[in-house]
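Novice: Right, I'll just put the structure down here and ask away after.
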Amino acid sequence: MVLLTRKIEFSASHFYHNPDFSPEENRRVFGKCNNPHGHGHNYTLEVTVAGEPDPVTGMVLDLKELKEILEREVMQRMDHRHLNYEVLELAGQIPTCENIARVIWNLLEPKIVQGKLHRVRLYETPDLYADCYRNGAKSQ
Amino acid sequence: MSGKLKIELGRRYRFAASHRLHTSQLSDEENCRVYGKCDNPFGHGHNYVVEVSVSGEVDPATGMIANLADLDSFVERHIIEPFDRRYLNEEVAAFRETVPTTENLCIEIFQRLKNFPKAKLERVRIEETGNNSFEYSGELQENPGGNRP
């Protein structure tokens with residue numbers, strides 16, 4: 001098995017707020033991220049696909065195709081968007097790194113038919129990221 | 001599509017410290033041969049980057065595996081305060097007898113963080129420099145000590 005990873009970057013805004021919490025609780029739990037005006041990040045997404053290289057093309061999957069899937073499923077949905085208001089799949093969820101990574105996994109998994117989606121890693125900043133993978137797959 | 005979706009949170013921390021790679025179990029010549037420049041008796045330092053990975057259920061109320069403020073303060077208390085701007089060989093008890101290689105540092109940091117109460121510690125990965133990194137996921141039951149040569 002060979003792992004192939006493609007990286008893309010998108011910029012988006014968000015804030016953390018749970019309507020079931022009191023204003024004090026929201027501030028205590030979410031801190032600065034509770035600012036209702038929102039704030040933004042340059043997200044870096046690493047998508048890893050696992051598979052056997054095709055004996056004829058030598059490829060696990062065509063990188064052009066992966067690029068198009070990422071453009072359609074992630075960039076068009078999330079790039080320069082407000083994640084709280086403009087991404088249907090995140091409705092009702094706090095747009096944390098963990099939840100965004102899971103939404104991206106669910107968007108990509110059915111679209112990747114050559115090879116198998118192995119891991120989604122989403123960096124919110126260079127020092128903070130979430131990994132999403134199926135239990136049983138190695139996280140690296 | 002088998003297996004439940006698993007989410008991990010990764011966070012990078014930094015500290016600067018000095019160390020010397022030297023073991024009393026080897027002769028001076030052997031120490032010099034095995035550890036080379038790292039055996040310099042005056043020690044030398046690194047800017048360490050520690051990547052901590054934790055896993056758990058994402059709380060629907062917060063969208064989080066663990067509140068970052070809790071993880072940050074736990075790491076600050078257990079790792080950054082005792083290690084930052086220190087000489088590891090002299091100032092961290094675990095390294096008085098054990099060679100403070102970054103392999104052993106991974107194990108020591110894993111032991112110190114494994115009791116984080118809010119999530120499961122999956123892995124500690126340390127970059128000693130931009131070109132060297134080491135990982136430990138707790139497979140070893142006991143600290144094996146530093147006498148690898």
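Letters A, B, ... mark the chains of the structure tokens in the order given; residue numbers begin at 1 per chain; ligand numbers begin at 1, in order shown.
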Could you pull out the residues in chain B that DSSP calls strand (DSSP E or B) from the backbone, as a VMD selection string?

Specialist: chain B and resid 5 to 19 44 to 55 59 64 86 to 87 120 to 129 132 to 136

Novice: Taking only C-alpha atoms into account, what are the residues of chain B at most 6 Å from chain A, put as a PyMOL selection string?

Specialist: chain B and resi 3-12+63

Novice: Can you write out the residues you just picked, keeping N, CA and C atoms, as a compact mmCIF listing (two decimals), in the first residue's frame?

Specialist:
```
# COMPACT_ATOMS: atom_id res chain seq x y z
N GLY B 3 -15.13 0.51 10.33
CA GLY B 3 -14.43 1.22 11.41
C GLY B 3 -15.08 2.56 11.68
N LYS B 4 -15.13 2.89 12.94
CA LYS B 4 -15.73 4.15 13.37
C LYS B 4 -14.78 5.30 13.04
N LEU B 5 -15.32 6.47 12.77
CA LEU B 5 -14.46 7.62 12.52
C LEU B 5 -13.77 8.02 13.81
N LYS B 6 -12.48 8.26 13.72
CA LYS B 6 -11.72 8.64 14.90
C LYS B 6 -11.13 10.03 14.69
N ILE B 7 -11.22 10.87 15.70
CA ILE B 7 -10.69 12.22 15.58
C ILE B 7 -9.58 12.40 16.63
N GLU B 8 -8.50 12.99 16.18
CA GLU B 8 -7.39 13.31 17.10
C GLU B 8 -7.11 14.80 17.01
N LEU B 9 -6.66 15.35 18.11
CA LEU B 9 -6.28 16.75 18.13
C LEU B 9 -4.77 16.81 18.32
N GLY B 10 -4.11 17.57 17.49
CA GLY B 10 -2.65 17.71 17.60
C GLY B 10 -2.28 19.14 17.93
N ARG B 11 -1.35 19.29 18.84
CA ARG B 11 -0.97 20.64 19.27
C ARG B 11 0.54 20.68 19.43
N ARG B 12 1.16 21.74 18.94
CA ARG B 12 2.62 21.86 19.01
C ARG B 12 3.04 22.86 20.08
N GLY B 63 -17.99 21.09 20.50
CA GLY B 63 -17.29 20.75 19.26
C GLY B 63 -15.85 20.32 19.50
```

Novice: Select, from A:Gln114, A:Ser13, A:Asn42, A:Ser22, the residue with the minimum atom-to-atom distance to Val87 in chain A, counting only C-alpha atoms.

Specialist: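 Among the listed residues, the smallest separation from Val87 in chain A belongs to A:Ser13.
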
Novice: Just want the 9 Å neighbourhood of Thr102 in chain B, counted on only C-alpha atoms, with same-chain residues fewer than 3 positions away dropped. Output as a list in words.

Specialist: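 Once the nearby chain positions are removed, what remains is Leu105, Cys106, Ile107, Ile126, Glu127, Glu128, Ser133 and Phe134 of chain B.
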